[in-house]
Every structure is written in structure tokens, then in C-alpha cells.
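query-v3.csv (CSV, C-alpha atoms)
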chain,number,residue,atom,x,y,z
A,1,MET,CA,52.8,72.2,89.8
A,2,THR,CA,50.5,69.1,89.5
A,3,ALA,CA,48.5,69.0,86.3
A,4,LEU,CA,44.8,69.2,87.1
A,5,ASP,CA,43.5,66.4,84.9
A,6,ARG,CA,41.4,63.2,85.2
A,7,ASN,CA,44.3,61.0,86.0
A,8,ALA,CA,45.5,63.2,88.8
A,9,ILE,CA,42.0,63.3,90.3
A,10,LEU,CA,41.7,59.5,90.1
A,11,GLU,CA,45.1,59.0,91.7
A,12,ARG,CA,44.1,61.3,94.6
A,13,LEU,CA,40.8,59.4,95.0
A,14,ARG,CA,42.6,56.1,95.4
A,15,SER,CA,43.3,57.3,99.0
A,16,VAL,CA,39.5,57.1,99.8
A,17,GLU,CA,38.4,53.8,101.2
A,18,GLY,CA,35.3,52.1,99.7
A,19,PRO,CA,31.9,51.9,101.5
A,20,ASP,CA,32.9,48.9,103.6
A,21,GLY,CA,36.6,49.7,104.1
A,22,ASN,CA,37.6,47.2,101.4
A,23,GLY,CA,39.7,48.6,98.6
A,24,ASP,CA,39.3,52.2,97.4
A,25,ILE,CA,36.5,53.9,95.5
A,26,VAL,CA,38.5,54.0,92.2
A,27,SER,CA,39.6,50.4,92.2
A,28,LEU,CA,36.0,49.4,93.1
A,29,GLY,CA,34.8,51.3,90.0
A,30,LEU,CA,32.6,53.7,91.9
A,31,VAL,CA,33.9,57.0,90.4
A,32,SER,CA,32.5,58.3,87.1
A,33,ASP,CA,31.6,61.4,85.2
A,34,ILE,CA,34.6,63.5,86.1
A,35,LEU,CA,34.3,67.0,84.8
A,36,ILE,CA,36.9,69.7,85.1
A,37,HIS,CA,36.2,73.4,84.5
A,38,GLY,CA,39.1,75.7,85.5
A,39,GLY,CA,39.5,75.1,89.2
A,40,LYS,CA,36.1,73.4,89.6
A,41,VAL,CA,36.0,69.6,89.7
A,42,MET,CA,32.8,67.6,89.5
A,43,PHE,CA,32.4,63.8,89.7
A,44,SER,CA,29.9,61.1,90.9
A,45,ILE,CA,30.3,58.2,93.2
A,46,THR,CA,27.9,55.2,92.6
A,47,VAL,CA,26.5,53.8,95.8
A,48,ASP,CA,23.6,51.5,96.9
A,49,ALA,CA,20.4,53.5,97.0
A,50,ALA,CA,19.5,52.1,100.4
A,51,ARG,CA,22.8,53.4,101.9
A,52,ALA,CA,23.0,56.8,100.2
A,53,HIS,CA,22.2,58.8,103.4
A,54,ALA,CA,24.6,56.7,105.5
A,55,LEU,CA,27.4,57.2,102.9
A,56,GLU,CA,27.3,61.0,103.0
A,57,PRO,CA,30.7,61.0,105.0
A,58,LEU,CA,32.2,59.1,102.0
A,59,ARG,CA,31.2,61.9,99.7
A,60,GLU,CA,32.7,64.4,102.0
A,61,LYS,CA,36.0,62.5,102.3
A,62,ALA,CA,36.2,62.3,98.5
A,63,ALA,CA,35.5,66.0,98.1
A,64,ALA,CA,38.2,66.8,100.7
A,65,ALA,CA,40.7,64.6,99.1
A,66,VAL,CA,40.3,66.3,95.7
A,67,ARG,CA,40.4,69.7,97.2
A,68,GLU,CA,44.0,69.0,98.4
A,69,LEU,CA,45.1,68.9,94.8
A,70,GLU,CA,47.0,72.0,93.7
A,71,GLY,CA,44.8,74.1,91.4
A,72,VAL,CA,41.4,72.9,92.8
A,73,GLU,CA,39.2,75.8,93.9
A,74,SER,CA,36.0,73.9,94.7
A,75,THR,CA,34.3,70.5,94.2
A,76,LEU,CA,30.9,69.2,93.5
A,77,VAL,CA,30.6,65.5,94.4
A,78,ILE,CA,27.4,63.6,93.7
A,79,LEU,CA,26.2,60.3,95.1
A,80,THR,CA,24.5,58.5,92.3
A,81,ALA,CA,22.1,55.9,93.8
A,82,GLU,CA,21.7,52.9,91.5
A,83,ARG,CA,20.5,49.3,91.9
A,84,LYS,CA,22.8,46.4,91.2
A,85,GLY,CA,22.7,45.7,87.5
A,86,GLY,CA,23.0,49.4,86.6
A,87,GLY,CA,19.4,50.5,86.8
A,88,MET,CA,18.3,53.6,88.6
A,89,ALA,CA,17.0,53.3,92.1
A,90,ALA,CA,13.4,52.4,92.3
A,91,ALA,CA,11.0,55.3,92.6
A,92,PRO,CA,8.7,55.6,95.7
A,93,PRO,CA,5.5,53.6,95.4
A,94,ALA,CA,2.9,55.3,93.2
A,95,ARG,CA,-0.3,56.7,94.7
A,96,PRO,CA,-3.5,55.0,93.6
A,97,ALA,CA,-4.5,55.8,90.1
A,98,PRO,CA,-6.2,59.2,89.9
A,99,ALA,CA,-9.7,59.8,88.5
A,100,ARG,CA,-10.0,60.6,84.8
A,101,ALA,CA,-9.8,64.1,83.4
A,102,HIS,CA,-13.6,64.5,83.1
A,103,SER,CA,-14.1,64.2,86.9
A,104,SER,CA,-15.5,67.3,88.4
A,105,PRO,CA,-13.0,69.7,90.2
A,106,ALA,CA,-15.7,70.0,92.9
A,107,ALA,CA,-14.8,66.4,93.9
A,108,HIS,CA,-11.5,67.8,95.1
A,109,PRO,CA,-12.1,70.3,97.9
A,110,PRO,CA,-9.9,73.3,98.0
A,111,ARG,CA,-6.9,73.2,100.3
A,112,PRO,CA,-4.9,76.2,101.3
A,113,ALA,CA,-1.6,76.3,99.3
A,114,GLY,CA,0.5,76.2,102.4
A,115,ALA,CA,-1.3,73.2,103.9
A,116,ARG,CA,0.3,69.8,103.4
A,117,PRO,CA,-0.7,66.3,104.6
A,118,ALA,CA,1.1,65.3,107.7
A,119,SER,CA,2.4,62.2,106.0
A,120,SER,CA,4.1,64.2,103.3
A,121,ALA,CA,6.3,66.3,105.7
A,122,LYS,CA,9.7,66.9,104.2
A,123,PRO,CA,12.8,68.7,105.6
A,124,GLY,CA,12.8,72.3,104.8
A,125,ILE,CA,15.7,74.7,104.1
A,126,PRO,CA,16.8,76.5,107.3
A,127,GLY,CA,16.0,80.2,107.1
A,128,VAL,CA,13.8,79.8,104.0
A,129,GLY,CA,10.0,80.3,104.2
A,130,ALA,CA,8.0,79.1,101.2
A,131,ILE,CA,9.5,77.3,98.2
A,132,ILE,CA,7.6,77.9,94.9
A,133,ALA,CA,8.2,75.9,91.7
A,134,VAL,CA,7.8,77.5,88.3
A,135,ALA,CA,7.2,74.7,85.8
A,136,SER,CA,6.1,73.9,82.3
A,137,GLY,CA,5.1,70.8,80.5
A,138,LYS,CA,7.5,71.6,77.7
A,139,GLY,CA,10.3,73.9,76.8
A,140,GLY,CA,10.1,77.1,74.8
A,141,VAL,CA,7.1,78.7,76.6
A,142,GLY,CA,9.1,81.3,78.4
A,143,LYS,CA,9.3,79.6,81.8
A,144,SER,CA,12.6,80.9,82.9
A,145,THR,CA,11.8,84.5,81.8
A,146,THR,CA,8.6,84.2,83.8
A,147,ALA,CA,10.4,82.7,86.8
A,148,VAL,CA,12.9,85.6,86.9
A,149,ASN,CA,10.3,88.3,86.6
A,150,LEU,CA,8.0,86.6,89.1
A,151,ALA,CA,10.9,86.5,91.6
A,152,LEU,CA,11.6,90.2,91.0
A,153,GLY,CA,7.9,90.9,91.3
A,154,LEU,CA,7.8,89.2,94.7
A,155,LEU,CA,10.9,91.2,95.6
A,156,ALA,CA,9.2,94.5,94.5
A,157,ASN,CA,6.3,93.6,96.7
A,158,GLY,CA,8.5,93.7,99.8
A,159,LEU,CA,9.6,90.1,100.3
A,160,LYS,CA,13.1,88.7,100.7
A,161,VAL,CA,13.5,86.5,97.6
A,162,GLY,CA,15.9,83.9,96.2
A,163,LEU,CA,15.9,82.2,92.8
A,164,LEU,CA,17.3,78.7,92.1
A,165,ASP,CA,17.9,77.8,88.5
A,166,ALA,CA,17.2,74.0,88.8
A,167,ASP,CA,17.4,73.5,85.0
A,168,ILE,CA,20.7,71.6,85.1
A,169,TYR,CA,20.7,70.8,81.4
A,170,GLY,CA,19.9,74.3,80.1
A,171,PRO,CA,20.6,76.9,82.9
A,172,SER,CA,19.5,80.3,81.6
A,173,VAL,CA,19.1,82.4,84.7
A,174,PRO,CA,22.7,83.7,84.7
A,175,ARG,CA,22.2,85.2,81.3
A,176,LEU,CA,18.7,86.5,82.1
A,177,LEU,CA,20.1,88.3,85.2
A,178,GLY,CA,23.4,89.4,83.5
A,179,LEU,CA,25.5,87.5,86.0
A,180,SER,CA,28.8,85.7,85.5
A,181,GLY,CA,31.7,84.4,87.6
A,182,ARG,CA,31.9,81.8,90.3
A,183,PRO,CA,30.2,81.7,93.7
A,184,GLU,CA,32.4,82.0,96.8
A,185,ALA,CA,32.6,79.4,99.5
A,186,VAL,CA,31.6,80.9,102.8
A,187,GLU,CA,31.9,78.0,105.2
A,188,GLY,CA,33.2,74.5,104.3
A,189,ARG,CA,31.2,73.5,101.2
A,190,ILE,CA,28.5,76.1,101.7
A,191,LEU,CA,28.3,78.5,98.7
A,192,LYS,CA,27.4,82.2,98.8
A,193,PRO,CA,24.6,82.9,96.3
A,194,MET,CA,25.3,85.3,93.5
A,195,GLU,CA,23.1,88.5,93.6
A,196,ALA,CA,21.5,90.8,91.0
A,197,TYR,CA,18.9,93.5,91.5
A,198,GLY,CA,18.6,92.4,95.2
A,199,LEU,CA,17.8,88.8,94.2
A,200,LYS,CA,19.9,86.0,95.7
A,201,THR,CA,20.6,83.5,92.9
A,202,MET,CA,22.2,80.1,92.3
A,203,SER,CA,22.6,78.1,89.1
A,204,MET,CA,24.7,75.3,87.6
A,205,GLY,CA,25.5,78.0,85.0
A,206,PHE,CA,27.8,79.6,87.5
A,207,LEU,CA,29.7,76.4,88.0
A,208,VAL,CA,30.3,75.3,84.4
A,209,GLU,CA,30.9,77.1,81.1
A,210,GLU,CA,27.8,78.1,79.1
A,211,GLU,CA,28.6,75.9,76.2
A,212,THR,CA,29.3,72.8,78.2
A,213,PRO,CA,26.7,70.1,77.8
A,214,MET,CA,25.6,68.4,81.1
A,215,ILE,CA,25.4,64.7,80.1
A,216,TRP,CA,24.2,63.4,83.4
A,217,ARG,CA,21.9,60.7,84.5
A,218,GLY,CA,18.7,61.4,86.5
A,219,PRO,CA,20.1,60.6,90.0
A,220,MET,CA,23.1,62.9,89.3
A,221,VAL,CA,20.8,65.7,88.4
A,222,MET,CA,18.8,65.3,91.5
A,223,SER,CA,21.9,65.2,93.7
A,224,ALA,CA,23.2,68.4,92.1
A,225,ILE,CA,19.9,70.1,92.6
A,226,THR,CA,19.8,69.0,96.3
A,227,GLN,CA,23.2,70.4,96.9
A,228,LEU,CA,22.2,73.7,95.2
A,229,LEU,CA,19.2,73.8,97.5
A,230,ARG,CA,20.8,72.8,100.8
A,231,GLU,CA,24.5,73.8,100.4
A,232,VAL,CA,23.9,77.5,99.6
A,233,ALA,CA,23.6,80.3,102.2
A,234,TRP,CA,20.1,81.3,101.2
A,235,ALA,CA,18.8,82.5,104.6
A,236,PRO,CA,17.1,84.7,105.4
A,237,LEU,CA,14.4,84.4,102.7
A,238,ASP,CA,10.6,84.7,102.7
A,239,VAL,CA,10.4,82.8,99.5
A,240,LEU,CA,12.6,80.8,97.2
A,241,VAL,CA,11.5,80.6,93.6
A,242,VAL,CA,12.7,77.4,91.7
A,243,ASP,CA,13.0,77.5,88.0
A,244,MET,CA,12.2,73.9,87.3
A,245,PRO,CA,13.5,71.9,84.2
A,246,PRO,CA,10.8,71.7,81.5
A,247,GLY,CA,8.8,68.5,81.2
A,248,THR,CA,7.6,65.9,83.7
A,249,GLY,CA,10.5,63.5,84.0
A,250,ASP,CA,12.4,61.9,86.8
A,251,ALA,CA,14.2,65.1,87.9
A,252,GLN,CA,11.0,67.1,88.2
A,253,LEU,CA,9.0,64.3,90.0
A,254,THR,CA,11.8,63.5,92.4
A,255,MET,CA,12.3,67.2,93.4
A,256,ALA,CA,8.6,67.6,93.9
A,257,GLN,CA,8.6,64.5,96.2
A,258,GLN,CA,11.7,65.5,98.2
A,259,VAL,CA,11.4,69.3,98.7
A,260,PRO,CA,8.6,70.9,100.7
A,261,LEU,CA,7.1,72.9,97.9
A,262,ALA,CA,4.4,75.5,99.0
A,263,GLY,CA,3.0,75.3,95.5
A,264,ALA,CA,3.7,75.4,91.7
A,265,VAL,CA,3.1,78.0,89.0
A,266,ILE,CA,2.5,76.5,85.6
A,267,VAL,CA,3.6,78.5,82.5
A,268,SER,CA,2.0,77.8,79.2
A,269,THR,CA,1.3,79.5,75.9
A,270,PRO,CA,-2.3,79.6,74.6
A,271,GLN,CA,-2.2,77.0,71.8
A,272,ASP,CA,-3.6,73.5,72.3
A,273,LEU,CA,-0.2,71.7,72.0
A,274,ALA,CA,1.3,73.6,74.9
A,275,LEU,CA,-1.9,73.2,77.0
A,276,ILE,CA,-1.7,69.4,76.5
A,277,ASP,CA,1.8,69.5,78.1
A,278,ALA,CA,0.6,71.9,80.8
A,279,ARG,CA,-2.1,69.3,81.8
A,280,LYS,CA,0.7,66.8,82.3
A,281,GLY,CA,2.5,69.2,84.6
A,282,LEU,CA,-0.7,69.7,86.6
A,283,ALA,CA,-1.2,65.9,86.9
A,284,MET,CA,2.4,65.5,88.1
A,285,PHE,CA,2.0,68.0,90.9
A,286,ASN,CA,-1.3,66.4,91.9
A,287,LYS,CA,0.4,63.0,92.2
A,288,VAL,CA,2.9,64.4,94.7
A,289,ASP,CA,0.4,66.5,96.7
A,290,VAL,CA,1.8,69.9,95.6
A,291,PRO,CA,-0.9,72.6,95.3
A,292,VAL,CA,-1.1,74.5,92.0
A,293,LEU,CA,-0.9,78.2,92.7
A,294,GLY,CA,-2.1,79.0,89.2
A,295,ILE,CA,-1.5,79.1,85.5
A,296,VAL,CA,0.2,81.9,83.6
A,297,GLU,CA,-0.6,82.4,79.9
A,298,ASN,CA,2.7,83.6,78.3
A,299,MET,CA,3.0,85.0,74.8
A,300,SER,CA,-0.7,85.7,75.1
A,301,TYR,CA,-1.0,88.3,72.4
A,302,PHE,CA,1.1,90.7,70.3
A,303,ILE,CA,0.6,94.4,69.8
A,304,ALA,CA,2.3,95.7,66.7
A,305,PRO,CA,4.4,98.7,67.8
A,306,ASP,CA,3.9,100.6,64.5
A,307,THR,CA,0.1,100.2,64.1
A,308,GLY,CA,-1.1,99.2,67.5
A,309,THR,CA,-2.9,96.2,65.9
A,310,ARG,CA,-3.4,93.2,68.2
A,311,TYR,CA,-2.4,89.8,66.9
A,312,ASP,CA,-3.2,86.5,68.7
A,313,ILE,CA,-0.2,84.7,67.2
A,314,PHE,CA,-0.6,81.6,69.3
A,315,GLY,CA,-4.3,81.9,69.8
A,316,HIS,CA,-5.6,83.6,73.0
A,317,GLY,CA,-7.3,82.7,76.2
A,318,GLY,CA,-6.5,79.0,76.1
A,319,ALA,CA,-4.7,78.9,79.4
A,320,ARG,CA,-7.5,80.9,81.1
A,321,ARG,CA,-10.2,78.5,79.7
A,322,GLU,CA,-8.1,75.5,80.8
A,323,ALA,CA,-7.7,77.0,84.3
A,324,GLU,CA,-11.4,77.5,84.6
A,325,ARG,CA,-12.1,74.0,83.3
A,326,LEU,CA,-9.8,72.4,85.8
A,327,GLY,CA,-10.7,74.7,88.7
A,328,VAL,CA,-7.2,76.2,89.3
A,329,PRO,CA,-6.4,79.9,89.6
A,330,PHE,CA,-5.6,81.9,86.4
A,331,LEU,CA,-2.8,84.3,87.3
A,332,GLY,CA,-2.6,86.5,84.2
A,333,GLU,CA,-1.7,87.1,80.6
A,334,VAL,CA,1.8,88.1,79.6
A,335,PRO,CA,2.1,89.5,76.0
A,336,LEU,CA,4.6,88.6,73.4
A,337,GLU,CA,6.5,91.8,73.6
A,338,MET,CA,9.8,93.0,72.2
A,339,VAL,CA,10.7,94.8,75.4
A,340,ILE,CA,10.4,91.7,77.5
A,341,ARG,CA,12.6,89.7,75.0
A,342,GLU,CA,15.2,92.5,74.7
A,343,THR,CA,15.6,93.0,78.4
A,344,SER,CA,15.8,89.3,79.0
A,345,ASP,CA,18.5,88.8,76.4
A,346,SER,CA,20.5,91.7,77.8
A,347,GLY,CA,20.3,90.5,81.4
A,348,LYS,CA,18.2,93.5,82.4
A,349,PRO,CA,14.8,92.0,83.3
A,350,VAL,CA,11.9,94.3,82.7
A,351,VAL,CA,10.6,94.2,86.3
A,352,ALA,CA,13.9,95.4,87.6
A,353,THR,CA,14.8,97.9,84.9
A,354,ALA,CA,11.4,99.3,84.0
A,355,PRO,CA,9.5,98.8,87.3
A,356,ASP,CA,6.8,101.4,86.5
A,357,GLY,CA,6.1,100.2,83.0
A,358,PRO,CA,3.0,98.2,81.9
A,359,HIS,CA,4.9,94.9,81.5
A,360,ALA,CA,6.4,95.1,85.0
A,361,ARG,CA,3.0,95.8,86.3
A,362,ILE,CA,1.7,92.5,84.8
A,363,TYR,CA,4.4,90.5,86.5
A,364,LYS,CA,3.9,92.3,89.8
A,365,GLU,CA,0.2,91.5,89.7
A,366,ILE,CA,1.0,87.9,89.0
A,367,ALA,CA,3.4,87.9,92.0
A,368,THR,CA,0.7,89.4,94.2
A,369,LYS,CA,-1.7,86.6,93.3
A,370,VAL,CA,0.9,83.9,93.8
A,371,TRP,CA,1.9,85.1,97.2
A,372,ALA,CA,-1.8,85.5,98.3
A,373,ASN,CA,-2.3,81.8,97.2
A,374,VAL,CA,0.8,80.7,99.1
A,375,ARG,CA,-0.5,82.4,102.2
A,376,GLY,CA,-3.8,80.6,101.8
A,377,GLY,CA,-5.7,83.3,100.0
A,378,ALA,CA,-8.6,83.0,97.6
A,379,GLY,CA,-8.3,80.6,94.7
A,380,ALA,CA,-5.4,78.4,95.7
A,381,ARG,CA,-6.4,74.8,95.2
A,382,PRO,CA,-4.7,71.4,94.7
A,383,ALA,CA,-4.5,70.3,91.1
A,384,PRO,CA,-7.4,68.2,89.9
A,385,SER,CA,-6.7,64.5,89.2
A,386,ILE,CA,-5.9,64.0,85.5
A,387,VAL,CA,-5.0,61.0,83.5
A,388,ILE,CA,-3.3,61.5,80.1
A,389,GLU,CA,-4.4,58.5,78.0
Go through the file and emit its structure as C-alpha cells.
Amino acid sequence: MTALDRNAILERLRSVEGPDGNGDIVSLGLVSDILIHGGKVMFSITVDAARAHALEPLREKAAAAVRELEGVESTLVILTAERKGGGMAAAPPARPAPARAHSSPAAHPPRPAGARPASSAKPGIPGVGAIIAVASGKGGVGKSTTAVNLALGLLANGLKVGLLDADIYGPSVPRLLGLSGRPEAVEGRILKPMEAYGLKTMSMGFLVEEETPMIWRGPMVMSAITQLLREVAWAPLDVLVVDMPPGTGDAQLTMAQQVPLAGAVIVSTPQDLALIDARKGLAMFNKVDVPVLGIVENMSYFIAPDTGTRYDIFGHGGARREAERLGVPFLGEVPLEMVIRETSDSGKPVVATAPDGPHARIYKEIATKVWANVRGGAGARPAPSIVIE
């Protein structure tokens, strides 16, 4: 039996010709970042950014070559687009500088959430209706828990729903849904999504061990996310909820530019520090013409279970006031509640396991508002233009 290690993979890849038929991709120094987890092999191939689309057959040949190795169950091959000199590929030209934060929201007329400028048309995912991003300006605000329960709320409201965990560096959806194991290949390199509580799900967490750090560059992350979007048998879905990475970096911006998002839900806690980062998230989506479906105030308040006393641990109402000030919908308040934390940690989300309870009702109401805004209902507006000085 051939040992499945880095040297064996490199030796197999020497059979793959380089982009111009001169040499092979190993001798040319194009192969990097080889990761092996059980029978799963992942690696990247560095190519010219301008030729990335044309070199897709090269990626497929490399993947097929490695799959011929004994012990290989599946492959994830990523085209990393870089400029000569080692820098990342240049980002698309920026839009003109937006107005300052004090500009009136009235200067930006409402646009139905589903409407997109003709110039920003992007290829959709076959069989998938709307794609909704759940985002936050920073980590630690409960974004993933909100994304899972929002998706389950949409499901409870009668929609066919999928959930993509796009947080490559810290995938938490498998744990939140109590899922483990590896997805099956259904046709070629197309993966069958995992499923829990009737929710189709895909995450990098299904492909690597939970403790494994993903030390990847921005282009690699985006290539991985693109494959999880387009090489998974999602259809048929009414809506795909995407749990975005926290922050407003290259991965978030590129995904917003390349995927036809119907809108974004911003998750924040009430305190000023979180709201500052939430404004950055709003500004990012505005720059790429993605409508903001609304803001959720998570960890809004705490009710002591023994006395019933209410405590505003992180303040209260900050997200609502921010939404009103910026002219975007406010979707609701989710309390800091032991039941939500316990059900999330145990992989039994509250909307699925206590659907008639008060906390599930909050998430379902948020889901109803989100879907109404996606369909062009009241309140959905594009994000106001904001500059963070």
C-alpha cells in the first residue's frame, strides 16, 4: 500500500503538465499548502490571476491525478491567483468614495432587497433561490448561533433552506447542529450536503478535524468558499443562508462581490464597541451594492432565572437606535439566555428542539421579517453610505 503523505502526492502531481505545457506543476513550484486529513487531500496551485478561469481544467487534472493514489477518498484543489512577485491579485476597482456618515439616509432611496443593478449581475447557483449573508463586524457576537436559528426559522416558516458555513478559519456550524462525519460525493466532485433537522448544510468543518488550524491566504479561502457554494448539491432551495466570517476583510468583500447576495443580516450586541464594527459591515455591503435586510441585537438583555430581574449586561437598545439612525430595518432583540447557549453547545438549536418556546418565537419572527424584506417587503433598504475615519 502506498503511504499517503506529502511526498507521494507531490510525486503523483509531477504527471500534471504546467499551464503552458512546459514542465510539470511541481517542478514549476506551483503546488503549495498540502494538507492531509485521513483520506481527504487539500492543496493549492498558484496561477496567474488573469488566467484563473481558463486554467480550471488544470485544477481538475491535478485533482484527478491525486485521487488515483491509494487511500485518497476525496480532494479539494484550490487555484490561488497571485500577481508576479508574490502579491495577491488586484481587487476590482473601488467605487467612488461614499458620502460621510452624517449624510441623510433619505438621500439613498429605498430599493427592494431582491433588486440588483443590471451591471452587478453575477452567476447564481442552479436550483437555489435567494442567498442571504449573516455577518458581523467582529467575532464573539453570536453570529453563527443567529445564522443557524435564522435558517431553522426560515425552515419552520415553510421554506426549503440550506446553510453554508463560510467561516473557513473557525467553522462552528457542525457543532451547533450536532453533525459529524464526511460528506459523500454524488457526482464527480459534487458533494452531498450534510443534513440536520431538515436543514441542508455544508462546512469546512466536515472536511478537516476540529482542532486543525486553517493557515490559508485570502485567495485560497475564497476558492474554498466558491467550491462549497458551487460544488455542493444544494438544489432545490428557496434560500441559502451563509454564515460569513466575522470582520470586513478580503474574504468577506470578495464573496459579496462575486456571489449574487439577495441581502445581508448584520448581527451586533448593544454596546458601542460592537456597533462601531457593525457600521463597518454596513459600509462594506453598501460598497458592493448588497442590500441590508436588517440588524439583529443579540445578547440584548438577561433575565435572571431565580428572581426574574432583568439586567442589561451589554447595555440595551443600541442596535435598534443604530438601525433607526442609519435608516435600515431593525429585526429584533435576542436575549442572553442560558437555554440558547446550552442548546447551541449541545448541537440541539432552540428553534428545532423547542419550537413552541419563547426563544424560538423570537428567531421565527426575525426570519419572517428577513424573508419579507428579501421578497421586497416593507423596510428593506440598501445600506447608507458610511465612511469610517
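Across A:Val288, A:Met299, A:Ala8, A:Ile168, the tightest approach to Gly71 of chain A is made by A:Ala8 when counting all atoms listed in the file.
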**Prompt:** Separation of atom CA of Glu333 of chain A and atom CA of Ser203 of chain A, in Å?
**Reply:** 27.3 Å
**Request:** Select all residues near (19.4, 83.7, 93.4) (cut-off 12 Å, inclusive, file coordinates), counting only C-alpha atoms, and output them as a PyMOL selection string.
**Result:** chain A and resi 147-148+151-152+155+160-166+173-174+176-177+179+183+191-206+228-229+232-235+237+239-243
Could you take the residues named above and write them with C-alpha atoms, as a PDB file, in the coordinates of the input?
ATOM      1  CA  ALA A 147      10.400  82.700  86.800  1.00  0.00           C
ATOM      2  CA  VAL A 148      12.900  85.600  86.900  1.00  0.00           C
ATOM      3  CA  ALA A 151      10.900  86.500  91.600  1.00  0.00           C
ATOM      4  CA  LEU A 152      11.600  90.200  91.000  1.00  0.00           C
ATOM      5  CA  LEU A 155      10.900  91.200  95.600  1.00  0.00           C
ATOM      6  CA  LYS A 160      13.100  88.700 100.700  1.00  0.00           C
ATOM      7  CA  VAL A 161      13.500  86.500  97.600  1.00  0.00           C
ATOM      8  CA  GLY A 162      15.900  83.900  96.200  1.00  0.00           C
ATOM      9  CA  LEU A 163      15.900  82.200  92.800  1.00  0.00           C
ATOM     10  CA  LEU A 164      17.300  78.700  92.100  1.00  0.00           C
ATOM     11  CA  ASP A 165      17.900  77.800  88.500  1.00  0.00           C
ATOM     12  CA  ALA A 166      17.200  74.000  88.800  1.00  0.00           C
ATOM     13  CA  VAL A 173      19.100  82.400  84.700  1.00  0.00           C
ATOM     14  CA  PRO A 174      22.700  83.700  84.700  1.00  0.00           C
ATOM     15  CA  LEU A 176      18.700  86.500  82.100  1.00  0.00           C
ATOM     16  CA  LEU A 177      20.100  88.300  85.200  1.00  0.00           C
ATOM     17  CA  LEU A 179      25.500  87.500  86.000  1.00  0.00           C
ATOM     18  CA  PRO A 183      30.200  81.700  93.700  1.00  0.00           C
ATOM     19  CA  LEU A 191      28.300  78.500  98.700  1.00  0.00           C
ATOM     20  CA  LYS A 192      27.400  82.200  98.800  1.00  0.00           C
ATOM     21  CA  PRO A 193      24.600  82.900  96.300  1.00  0.00           C
ATOM     22  CA  MET A 194      25.300  85.300  93.500  1.00  0.00           C
ATOM     23  CA  GLU A 195      23.100  88.500  93.600  1.00  0.00           C
ATOM     24  CA  ALA A 196      21.500  90.800  91.000  1.00  0.00           C
ATOM     25  CA  TYR A 197      18.900  93.500  91.500  1.00  0.00           C
ATOM     26  CA  GLY A 198      18.600  92.400  95.200  1.00  0.00           C
ATOM     27  CA  LEU A 199      17.800  88.800  94.200  1.00  0.00           C
ATOM     28  CA  LYS A 200      19.900  86.000  95.700  1.00  0.00           C
ATOM     29  CA  THR A 201      20.600  83.500  92.900  1.00  0.00           C
ATOM     30  CA  MET A 202      22.200  80.100  92.300  1.00  0.00           C
ATOM     31  CA  SER A 203      22.600  78.100  89.100  1.00  0.00           C
ATOM     32  CA  MET A 204      24.700  75.300  87.600  1.00  0.00           C
ATOM     33  CA  GLY A 205      25.500  78.000  85.000  1.00  0.00           C
ATOM     34  CA  PHE A 206      27.800  79.600  87.500  1.00  0.00           C
ATOM     35  CA  LEU A 228      22.200  73.700  95.200  1.00  0.00           C
ATOM     36  CA  LEU A 229      19.200  73.800  97.500  1.00  0.00           C
ATOM     37  CA  VAL A 232      23.900  77.500  99.600  1.00  0.00           C
ATOM     38  CA  ALA A 233      23.600  80.300 102.200  1.00  0.00           C
ATOM     39  CA  TRP A 234      20.100  81.300 101.200  1.00  0.00           C
ATOM     40  CA  ALA A 235      18.800  82.500 104.600  1.00  0.00           C
ATOM     41  CA  LEU A 237      14.400  84.400 102.700  1.00  0.00           C
ATOM     42  CA  VAL A 239      10.400  82.800  99.500  1.00  0.00           C
ATOM     43  CA  LEU A 240      12.600  80.800  97.200  1.00  0.00           C
ATOM     44  CA  VAL A 241      11.500  80.600  93.600  1.00  0.00           C
ATOM     45  CA  VAL A 242      12.700  77.400  91.700  1.00  0.00           C
ATOM     46  CA  ASP A 243      13.000  77.500  88.000  1.00  0.00           C
TER      47      ASP A 243
END
**Item:** Contacts of Leu35 of chain A within 10 Å, all atoms listed in the file, excl. fewer than 4 positions in-chain, as number ranges by chain
**Value:** A: 5-6, 40-44, 76, 208, 214
**Straight-line distance linking atom CA of Pro126 of chain A with atom CA of Gly39 of chain A, stated in Å to one decimal** = 29.1 Å
**Item:** Residue nearest Met284 of chain A - candidates A:Asn157, A:Gly317, A:Ser136, A:Gly188, atoms counted: only C-alpha atoms
**Value:**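 For Met284 of chain A, the nearest of the candidates is A:Ser136.
With all atoms listed in the file as the atoms that count, the residue of A:Val31, A:Ile313, A:Val186, A:Val292 with the shortest distance to Leu331 of chain A is A:Val292.
Atom pair atom CA of Pro358 of chain A / atom CA of Pro329 of chain A has a distance of 22.0 Å (rounded to one decimal).
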**Prompt:** Out of A:Arg320, A:Arg230, A:Arg182, A:His359, which residue has the shortest atom-to-atom distance to Pro123 of chain A when counting only C-alpha atoms?
**Reply:**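 The shortest atom-to-atom distance to Pro123 of chain A comes from A:Arg230.
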